[in-house]
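Enquirer: Pasting a structure here, questions to come.
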Amino acid sequence: MLEGRTNAIMRHTGAEVVWECLLREGVDIVWAYPGGAALPIFDALAKYPQIHHVLVRHEQAAAHAADGYARATGKVGVCVATSGPGATNLVTGIATAMLDSVPMVALTAQVADSVIGTDAFQEINITGITLPITKHNYLVRHSRDLVRSLREAFYLARTGRPGPVLVDLPKDILTGPCEFHYPERVSRLGYRPVVRSAPYQIQRAAQLIKDAKRPVVLAGHGVHVATAWEELRQFAERIGAPVVSTLLGLSALSADHPLCLGMAGMHGVAWANLAIQNADLLIALGMRMDDRFTGSLRHFAPQAKLLHVDIDPAEIGKRVPAALPMVGDVRIVLAALTAELPEIDHRDWLDQIATWRERHPLAVHAMGALPPQEVIRALYEATGGEAVLVSDVGQHQMWVAQHYRFRRLNSFFTSGGLGTMGYSLPAALGVQAGHPKEPVWVVVGDGSFQMNLQELATVAQERLPIKIVIMDNGYLGMVRQWQELFHGARYIGTPISGPDFVQLAASYGIPARRV
């Protein structure tokens, strides 16, 4: 239901209305690849020079670039594709955004409404395909619904727990006449995200924290989504509790902070896992207790009560029962809790964790002439921990998580929930566009890089100063590691050859060197 219509009513084509809506949503860049059904959208773009169109070389890259832009800026990322294979090529990028709660709007062109359901050329039911991997989606079959659908799409993508929303646009809707009146406000029946926990819940949580002797704060991706970095620091300092990160929670607190323990879980550091296993209270902030973080639920944090804060009530208690569930925006809840609590000293608990840290340091195991952990440590030394890193998926991702000390807040972007190989290079397009003056580094393996290496053309085309570290070991490293540990060292399908990456970069006019 739309409210507060503006008085001015203008007539446009549907395609022009799409761009008018995007302008009013503050969109200044879109990641796209054209095609037959989408041609009206691209033709109308000529009238809107305020919006920069980036031509990627594959639609999956458009979705990942929109994802990276959204994570880096907090704005809604926008990607555009044509019907059929153009739309289906977005699917992996949309699913990546869904599992990592990234605000995105994907616009797909569709065959004309009159032939939907006839197996027309490049017709595909993209709303049916993406129903499980979008927060919501729309098939616009009447021009009167176009503005409402787009307005709601952006509203849903950015509010509550963010996520991707797809809008499917038949070609005749794009070419036909369409009245344009953009509402000031939008609301949907039944959709009312809760951002503030009730005062009595704040008081109950404060009492749990006061009673705890060995508390641990778990910082998830929700801290970044809520821009709650300062609130997290103040809260942790107020209660004297160590902060452990999930993979996507890294860089929520500076690695230089004495309360920062780094990442826990399957690939986490020993002292962070020991802190969790010996805690009597876990304060989980914007995280979903996924299996790679908890391991065996039967053995996870056996002595700890769980205080779970999340804006999505479906995540609370889904895997680990919560002694106190708190639905709300992490930033708002943390501010209220900090105001309710006195300063608390847990020096003995912090000393115990420091002892574990000394006993179980991160090791560097020699692997040839250039140990990969040393590569990450050298990158840290060269950047002072102040770079923005975009990692792909695999062993190198975990070496980054373990050995790069993120001093800069919100400076680490990777595919967490879906574990999407090929994510980093196209995502870095969006990250660099969002932070044009900042140093952006891609850390990627030779396997992951070859999944979307065509985006070197987009890097060169847009003259983006992205820096790329390819860790080339000739294997799909993490899968090979599992084969070695659990499958009798039968390396089936994991040895992988590649091009000469230095020459490949040179062919795109990008400087490169081999170490």
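We label chains A, B, ... in the order they appear in the structure tokens, count residues from 1 in each chain, and number ligands from 1 in the order shown.
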I'd like the contact shell of Lys467 in chain A - 8 Å cut-off, only C-alpha atoms, skipping same-chain residues fewer than 3 positions apart - returned as a list of chain:residue names.
Expert: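 Near neighbours after the sequence-gap exclusion: A:Pro439, A:Val440, A:Trp441, A:Val442.
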Enquirer: Just write the chosen residues, C-alpha atoms, as a JSON list (two decimals), in the first residue's frame.
Expert:
[["chain", "number", "residue", "atom", "x", "y", "z"],
["A", 439, "PRO", "CA", 43.30, 0.86, -1.47],
["A", 440, "VAL", "CA", 41.30, -2.24, -2.42],
["A", 441, "TRP", "CA", 43.08, -5.62, -2.56],
["A", 442, "VAL", "CA", 41.69, -8.86, -3.95]]
Enquirer: Residues of range 168-368 of chain A classed as strand (DSSP E) by DSSP on the backbone are to be reported as a ChimeraX atom specification.
Expert: /A:168-170,177-180,183-186,215-219,243-245,260-263,281-285,305-310,324-327
Enquirer: Would you mind reading off the distance between CA of Thr227 in chain A and CA of Asp310 in chain A, one decimal, in Å?
Expert: 13.7 Å
Enquirer: Please provide the set of residues having any atom within 10 Å of range 92-100 of chain A, restricted to only C-alpha atoms, with same-chain residues fewer than 6 positions apart removed, written as a PyMOL selection string.
Expert: chain A and resi 59-68+70-71+79+106+130+132-135+161-166+221-222+225+248+414-420+423+427
Enquirer: Just the residues within 12 Å of Arg196 in chain A, please, counting only C-alpha atoms, with nothing from its chain fewer than 3 positions along; format it as a PDB file with all heavy atoms, in the first residue's frame.
Expert:
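part-v4.pdb was written with the following content:
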ATOM      1  N   GLY A 160      14.851  -3.816   7.870  1.00  0.00           N
ATOM      2  CA  GLY A 160      14.858  -5.069   8.610  1.00  0.00           C
ATOM      3  C   GLY A 160      16.160  -5.809   8.375  1.00  0.00           C
ATOM      4  O   GLY A 160      17.245  -5.219   8.389  1.00  0.00           O
ATOM      5  N   ARG A 192       6.686  -5.321   9.506  1.00  0.00           N
ATOM      6  CA  ARG A 192       7.035  -4.283  10.477  1.00  0.00           C
ATOM      7  C   ARG A 192       8.280  -4.732  11.239  1.00  0.00           C
ATOM      8  O   ARG A 192       8.171  -5.319  12.319  1.00  0.00           O
ATOM      9  CB  ARG A 192       5.887  -4.020  11.468  1.00  0.00           C
ATOM     10  CG  ARG A 192       4.620  -3.427  10.869  1.00  0.00           C
ATOM     11  CD  ARG A 192       4.799  -1.975  10.479  1.00  0.00           C
ATOM     12  NE  ARG A 192       3.538  -1.374  10.087  1.00  0.00           N
ATOM     13  CZ  ARG A 192       2.994  -1.485   8.873  1.00  0.00           C
ATOM     14  NH1 ARG A 192       3.629  -2.195   7.954  1.00  0.00           N
ATOM     15  NH2 ARG A 192       1.854  -0.901   8.575  1.00  0.00           N
ATOM     16  N   PRO A 193       9.467  -4.544  10.688  1.00  0.00           N
ATOM     17  CA  PRO A 193      10.670  -4.984  11.401  1.00  0.00           C
ATOM     18  C   PRO A 193      10.778  -4.329  12.773  1.00  0.00           C
ATOM     19  O   PRO A 193      10.543  -3.118  12.929  1.00  0.00           O
ATOM     20  CB  PRO A 193      11.811  -4.519  10.482  1.00  0.00           C
ATOM     21  CG  PRO A 193      11.178  -4.361   9.132  1.00  0.00           C
ATOM     22  CD  PRO A 193       9.779  -3.920   9.385  1.00  0.00           C
ATOM     23  N   PRO A 199      11.945  -2.448  26.989  1.00  0.00           N
ATOM     24  CA  PRO A 199      12.765  -2.052  28.145  1.00  0.00           C
ATOM     25  C   PRO A 199      12.990  -3.186  29.148  1.00  0.00           C
ATOM     26  O   PRO A 199      14.088  -3.315  29.708  1.00  0.00           O
ATOM     27  CB  PRO A 199      11.952  -0.906  28.763  1.00  0.00           C
ATOM     28  CG  PRO A 199      11.193  -0.322  27.607  1.00  0.00           C
ATOM     29  CD  PRO A 199      10.853  -1.492  26.733  1.00  0.00           C
ATOM     30  N   TYR A 200      11.977  -4.028  29.365  1.00  0.00           N
ATOM     31  CA  TYR A 200      12.174  -5.111  30.344  1.00  0.00           C
ATOM     32  C   TYR A 200      13.182  -6.138  29.825  1.00  0.00           C
ATOM     33  O   TYR A 200      13.890  -6.781  30.605  1.00  0.00           O
ATOM     34  CB  TYR A 200      10.838  -5.774  30.700  1.00  0.00           C
ATOM     35  CG  TYR A 200      10.280  -6.716  29.664  1.00  0.00           C
ATOM     36  CD1 TYR A 200      10.594  -8.073  29.680  1.00  0.00           C
ATOM     37  CD2 TYR A 200       9.420  -6.251  28.660  1.00  0.00           C
ATOM     38  CE1 TYR A 200      10.089  -8.940  28.732  1.00  0.00           C
ATOM     39  CE2 TYR A 200       8.914  -7.106  27.706  1.00  0.00           C
ATOM     40  CZ  TYR A 200       9.248  -8.444  27.740  1.00  0.00           C
ATOM     41  OH  TYR A 200       8.742  -9.297  26.792  1.00  0.00           O
ATOM     42  N   GLN A 201      13.266  -6.296  28.494  1.00  0.00           N
ATOM     43  CA  GLN A 201      14.267  -7.188  27.923  1.00  0.00           C
ATOM     44  C   GLN A 201      15.667  -6.621  28.118  1.00  0.00           C
ATOM     45  O   GLN A 201      16.624  -7.362  28.395  1.00  0.00           O
ATOM     46  CB  GLN A 201      14.006  -7.405  26.430  1.00  0.00           C
ATOM     47  CG  GLN A 201      12.791  -8.259  26.112  1.00  0.00           C
ATOM     48  CD  GLN A 201      13.036  -9.724  26.419  1.00  0.00           C
ATOM     49  OE1 GLN A 201      12.957 -10.153  27.569  1.00  0.00           O
ATOM     50  NE2 GLN A 201      13.338 -10.508  25.400  1.00  0.00           N
ATOM     51  N   ILE A 202      15.803  -5.320  27.977  1.00  0.00           N
ATOM     52  CA  ILE A 202      17.087  -4.666  28.221  1.00  0.00           C
ATOM     53  C   ILE A 202      17.514  -4.883  29.676  1.00  0.00           C
ATOM     54  O   ILE A 202      18.682  -5.197  29.968  1.00  0.00           O
ATOM     55  CB  ILE A 202      17.003  -3.159  27.904  1.00  0.00           C
ATOM     56  CG1 ILE A 202      16.684  -2.925  26.409  1.00  0.00           C
ATOM     57  CG2 ILE A 202      18.298  -2.452  28.300  1.00  0.00           C
ATOM     58  CD1 ILE A 202      17.771  -3.376  25.464  1.00  0.00           C
ATOM     59  N   VAL A 309      20.994 -11.448  20.093  1.00  0.00           N
ATOM     60  CA  VAL A 309      20.395 -10.225  19.543  1.00  0.00           C
ATOM     61  C   VAL A 309      20.411 -10.323  18.022  1.00  0.00           C
ATOM     62  O   VAL A 309      21.464 -10.508  17.410  1.00  0.00           O
ATOM     63  CB  VAL A 309      21.185  -8.967  19.978  1.00  0.00           C
ATOM     64  CG1 VAL A 309      20.512  -7.710  19.433  1.00  0.00           C
ATOM     65  CG2 VAL A 309      21.311  -8.904  21.496  1.00  0.00           C
ATOM     66  N   ASP A 310      19.251 -10.191  17.389  1.00  0.00           N
ATOM     67  CA  ASP A 310      19.179 -10.220  15.928  1.00  0.00           C
ATOM     68  C   ASP A 310      17.904  -9.527  15.478  1.00  0.00           C
ATOM     69  O   ASP A 310      16.874  -9.620  16.157  1.00  0.00           O
ATOM     70  CB  ASP A 310      19.211 -11.652  15.400  1.00  0.00           C
ATOM     71  CG  ASP A 310      19.710 -11.734  13.966  1.00  0.00           C
ATOM     72  OD1 ASP A 310      18.979 -11.293  13.056  1.00  0.00           O
ATOM     73  OD2 ASP A 310      20.831 -12.217  13.748  1.00  0.00           O
ATOM     74  N   ILE A 311      17.969  -8.867  14.337  1.00  0.00           N
ATOM     75  CA  ILE A 311      16.772  -8.192  13.829  1.00  0.00           C
ATOM     76  C   ILE A 311      15.806  -9.178  13.189  1.00  0.00           C
ATOM     77  O   ILE A 311      14.636  -8.874  12.984  1.00  0.00           O
ATOM     78  CB  ILE A 311      17.160  -7.076  12.834  1.00  0.00           C
ATOM     79  CG1 ILE A 311      16.015  -6.061  12.711  1.00  0.00           C
ATOM     80  CG2 ILE A 311      17.572  -7.654  11.478  1.00  0.00           C
ATOM     81  CD1 ILE A 311      16.420  -4.751  12.086  1.00  0.00           C
ATOM     82  N   MET A 326      16.537 -11.504  22.000  1.00  0.00           N
ATOM     83  CA  MET A 326      16.315 -10.060  21.893  1.00  0.00           C
ATOM     84  C   MET A 326      16.218  -9.700  20.411  1.00  0.00           C
ATOM     85  O   MET A 326      17.215  -9.708  19.683  1.00  0.00           O
ATOM     86  CB  MET A 326      17.448  -9.274  22.549  1.00  0.00           C
ATOM     87  CG  MET A 326      17.597  -9.534  24.031  1.00  0.00           C
ATOM     88  SD  MET A 326      18.825  -8.452  24.799  1.00  0.00           S
ATOM     89  CE  MET A 326      17.941  -6.890  24.784  1.00  0.00           C
ATOM     90  N   VAL A 327      15.025  -9.389  19.955  1.00  0.00           N
ATOM     91  CA  VAL A 327      14.816  -8.995  18.562  1.00  0.00           C
ATOM     92  C   VAL A 327      15.000  -7.487  18.464  1.00  0.00           C
ATOM     93  O   VAL A 327      14.375  -6.719  19.204  1.00  0.00           O
ATOM     94  CB  VAL A 327      13.416  -9.397  18.081  1.00  0.00           C
ATOM     95  CG1 VAL A 327      13.202  -8.952  16.630  1.00  0.00           C
ATOM     96  CG2 VAL A 327      13.220 -10.904  18.203  1.00  0.00           C
ATOM     97  N   GLY A 328      15.879  -7.080  17.563  1.00  0.00           N
ATOM     98  CA  GLY A 328      16.092  -5.649  17.393  1.00  0.00           C
ATOM     99  C   GLY A 328      17.335  -5.346  16.593  1.00  0.00           C
ATOM    100  O   GLY A 328      18.133  -6.233  16.277  1.00  0.00           O
ATOM    101  N   ASP A 329      17.488  -4.085  16.247  1.00  0.00           N
ATOM    102  CA  ASP A 329      18.661  -3.597  15.539  1.00  0.00           C
ATOM    103  C   ASP A 329      19.855  -3.609  16.493  1.00  0.00           C
ATOM    104  O   ASP A 329      19.784  -3.083  17.603  1.00  0.00           O
ATOM    105  CB  ASP A 329      18.382  -2.176  15.035  1.00  0.00           C
ATOM    106  CG  ASP A 329      19.545  -1.582  14.288  1.00  0.00           C
ATOM    107  OD1 ASP A 329      20.475  -1.072  14.950  1.00  0.00           O
ATOM    108  OD2 ASP A 329      19.539  -1.622  13.048  1.00  0.00           O
ATOM    109  N   VAL A 330      20.957  -4.212  16.066  1.00  0.00           N
ATOM    110  CA  VAL A 330      22.112  -4.385  16.950  1.00  0.00           C
ATOM    111  C   VAL A 330      22.609  -3.048  17.492  1.00  0.00           C
ATOM    112  O   VAL A 330      22.957  -2.939  18.678  1.00  0.00           O
ATOM    113  CB  VAL A 330      23.243  -5.125  16.200  1.00  0.00           C
ATOM    114  CG1 VAL A 330      24.551  -5.043  16.972  1.00  0.00           C
ATOM    115  CG2 VAL A 330      22.865  -6.577  15.977  1.00  0.00           C
ATOM    116  N   ARG A 331      22.657  -2.041  16.661  1.00  0.00           N
ATOM    117  CA  ARG A 331      23.182  -0.741  17.108  1.00  0.00           C
ATOM    118  C   ARG A 331      22.300  -0.152  18.208  1.00  0.00           C
ATOM    119  O   ARG A 331      22.798   0.336  19.236  1.00  0.00           O
ATOM    120  CB  ARG A 331      23.267   0.219  15.923  1.00  0.00           C
ATOM    121  CG  ARG A 331      23.861   1.579  16.258  1.00  0.00           C
ATOM    122  CD  ARG A 331      24.076   2.406  15.000  1.00  0.00           C
ATOM    123  NE  ARG A 331      22.832   2.609  14.276  1.00  0.00           N
ATOM    124  CZ  ARG A 331      21.950   3.560  14.546  1.00  0.00           C
ATOM    125  NH1 ARG A 331      22.160   4.412  15.547  1.00  0.00           N
ATOM    126  NH2 ARG A 331      20.854   3.685  13.847  1.00  0.00           N
ATOM    127  N   ILE A 332      20.993  -0.210  18.010  1.00  0.00           N
ATOM    128  CA  ILE A 332      20.067   0.367  18.987  1.00  0.00           C
ATOM    129  C   ILE A 332      20.087  -0.433  20.287  1.00  0.00           C
ATOM    130  O   ILE A 332      20.104   0.136  21.391  1.00  0.00           O
ATOM    131  CB  ILE A 332      18.649   0.425  18.388  1.00  0.00           C
ATOM    132  CG1 ILE A 332      18.622   1.410  17.201  1.00  0.00           C
ATOM    133  CG2 ILE A 332      17.626   0.833  19.441  1.00  0.00           C
ATOM    134  CD1 ILE A 332      17.318   1.398  16.425  1.00  0.00           C
ATOM    135  N   VAL A 333      20.114  -1.753  20.180  1.00  0.00           N
ATOM    136  CA  VAL A 333      20.124  -2.602  21.377  1.00  0.00           C
ATOM    137  C   VAL A 333      21.407  -2.405  22.166  1.00  0.00           C
ATOM    138  O   VAL A 333      21.396  -2.289  23.406  1.00  0.00           O
ATOM    139  CB  VAL A 333      19.924  -4.082  20.992  1.00  0.00           C
ATOM    140  CG1 VAL A 333      20.135  -4.978  22.198  1.00  0.00           C
ATOM    141  CG2 VAL A 333      18.534  -4.304  20.399  1.00  0.00           C
ATOM    142  N   LEU A 334      22.554  -2.350  21.471  1.00  0.00           N
ATOM    143  CA  LEU A 334      23.828  -2.168  22.175  1.00  0.00           C
ATOM    144  C   LEU A 334      23.875  -0.827  22.899  1.00  0.00           C
ATOM    145  O   LEU A 334      24.367  -0.739  24.026  1.00  0.00           O
ATOM    146  CB  LEU A 334      24.989  -2.264  21.188  1.00  0.00           C
ATOM    147  CG  LEU A 334      25.434  -3.666  20.780  1.00  0.00           C
ATOM    148  CD1 LEU A 334      26.604  -3.584  19.818  1.00  0.00           C
ATOM    149  CD2 LEU A 334      25.816  -4.505  21.994  1.00  0.00           C
ATOM    150  N   ALA A 335      23.384   0.211  22.255  1.00  0.00           N
ATOM    151  CA  ALA A 335      23.381   1.528  22.904  1.00  0.00           C
ATOM    152  C   ALA A 335      22.531   1.508  24.175  1.00  0.00           C
ATOM    153  O   ALA A 335      22.925   2.056  25.215  1.00  0.00           O
ATOM    154  CB  ALA A 335      22.872   2.582  21.930  1.00  0.00           C
ATOM    155  N   ALA A 336      21.376   0.839  24.104  1.00  0.00           N
ATOM    156  CA  ALA A 336      20.498   0.762  25.276  1.00  0.00           C
ATOM    157  C   ALA A 336      21.138  -0.069  26.387  1.00  0.00           C
ATOM    158  O   ALA A 336      21.059   0.288  27.576  1.00  0.00           O
ATOM    159  CB  ALA A 336      19.149   0.167  24.873  1.00  0.00           C
ATOM    160  N   LEU A 337      21.793  -1.168  26.020  1.00  0.00           N
ATOM    161  CA  LEU A 337      22.448  -2.013  27.028  1.00  0.00           C
ATOM    162  C   LEU A 337      23.602  -1.282  27.697  1.00  0.00           C
ATOM    163  O   LEU A 337      23.779  -1.351  28.924  1.00  0.00           O
ATOM    164  CB  LEU A 337      22.961  -3.298  26.372  1.00  0.00           C
ATOM    165  CG  LEU A 337      21.965  -4.440  26.213  1.00  0.00           C
ATOM    166  CD1 LEU A 337      22.597  -5.573  25.413  1.00  0.00           C
ATOM    167  CD2 LEU A 337      21.491  -4.938  27.570  1.00  0.00           C
TER     168      LEU A 337
END
